[in-house]
Amino acid sequence: MAEKRPYNNKRQNQSPIIAANEFGKLPPQAPELEEAVLGAIMLETDAYSMVSEILKPECFYKIAHQRIFEAIQSLAVHQQPVDMHTVTEQLRKDGTIDEVGGPYYITLLTAKVNSAAHLEYHARIIVQKYLARELIRVSSEIQTKAFDDKTDVDDLMQEAEGMLFEISQRNLKKDVVQINPVIEEARNRMIQAAKKQGASGVPSGFHSLDKITSGWQRSDLIIIAARPAMGKTAFILSMAKNMAVDYNSPVAVFSLEMSNVQLVNRLIMNVCQLEGEKIKNGQLDAYEWEKFDKDITQLMDAPVFIDDTPSLSIFELRSKARRLVREHKIQCIIIDYLQLMNASGMSFGSREQEVSIISRSLKGLAKELDIPIIALSQLNRGVEGRTGIEGKRPQLSDLRESGAIEQDADMVCFIHRPEYYKLTEDAQGNSLLGIAEIIVAKHRNGATGDIQLKFKNVYAKFMNKDDDDDENSPVHGGYQTISSKMNDSSFNGHANKEFSSGSPFGGYTKSDETPF
């Protein structure tokens, strides 16, 4: 009597029809390794835990293998044992047992391997083949759309960046690190902080703020928010000048709202102490031209790099930031401002979801590059509807799309100028004229608090309260600054508009304190 063979649906067991592409090549694949990995998972008790963070169902080339891995995932989620019999039963529950080739094919998988040796190595090869197929798919889609005359090329480039960004994100995995090297790194940072008199991060140049933050910390996402006309741009440009000129820390400024020349004009106001209107129309007296020629040398050759690409996408930022860190050793990135960024190339149900992706990506970029990223943000109009000195103070709930931004940020600071709201005295009767408050509302790794800075409106300039107004700068925290007024930054309500365009320093420009 002939032996009865187990069920074997050859047609269903075969991989999907593979057609050679236009180049006459088959897609990258490793079906033998897929079989070996699945067989090993069903043989060894802990095998799945070794590859669960590496493999996803879509990583497998054969549809049958995807269904089998989905069944294995389902068992693992419910803390059920994974073996040949439980996987077969799960496939029956899922209604896909015939699609994979029946119980006979599951038996074949386990018969092809003896152990889980080299399992992780094999899994990574499968992932590499998957990523290669994804790149082929994306390039094919882009190529097809590029041949369409109705396609907008700029939109297509943004879409391509978005698709490539998604693929790159899937491959971003960091291995677990034993604690010893981390302790050594922490110790080295403590030593460096001691040398900088307590500033373990990049100093802002504002002493009271640096006491709270110990400088802007590496891998942190810092959000600086305010209502319009509070001086956001003035504040971050003041810091950029302090970092680059006073502390020689290379800084990159991504300006989505203003051109690089407008930013430099504001720096000239700040450093040379010239009124914005005179800089705009060039009507300077002889002594003012002399002052300009003398003071502008402080900005020349400063390690400040400006990119004024409008509507910058998170994908473009990522690419440019990596290059700046690699080529210029950038220690801090400043973005003006977050709500003007986009994540084009990806689809979203709402603007809030897009902002959520942007803020999460900024935090991820800060961790990847190990530098602080400072992003400006707008506040909603809730502040305007409140009354009194305390009512006008910004709150975390005033952040636009506050849920995502507040959650992702390591620190949230507000800029508040009571004088703008005609509030000239605080509760103790102290004058608030020319005073800007920096409110540290969230600090994941430290204390919160409020500090006060001077604000020179006519020069759009912020400065420490103990800074002199003359041109000779005192020593700040053990570091000799170039000019005391360069630590100031005040805001001119009209100076942030209608500056001339064109770059005096080229594509990338160095900058100083600039108000907004």
# chains A, B, ... in the order shown; residues from 1 in each chain; ligands from 1
>>> residues_around(residues="Tyr247 in chain A", least_positions_apart="3", cutoff="8 Å", atoms="only C-alpha atoms", output="ChimeraX atom specification")
/A:203,242-244,479
>>> closest_residue(among="A:Ala30, A:Ser168, A:Tyr130, A:Gln80", to="Lys56 in chain A", atoms="only C-alpha atoms")
A:Tyr130
>>> atom_distance(atom1="CA of Thr151 in chain A", atom2="CA of Ile314 in chain A")
21.9 Å
>>> atom_distance(atom1="CA of Thr387 in chain A", atom2="CA of Ala234 in chain A")
25.9 Å
>>> residues_around(residues="His443 in chain A", least_positions_apart="3", cutoff="9 Å", atoms="only C-alpha atoms", output="list in words")
Thr213, Ala409, Asp410, Met411, Val412, Cys413, Val440, Gly446, Ala447 and Thr448 of chain A
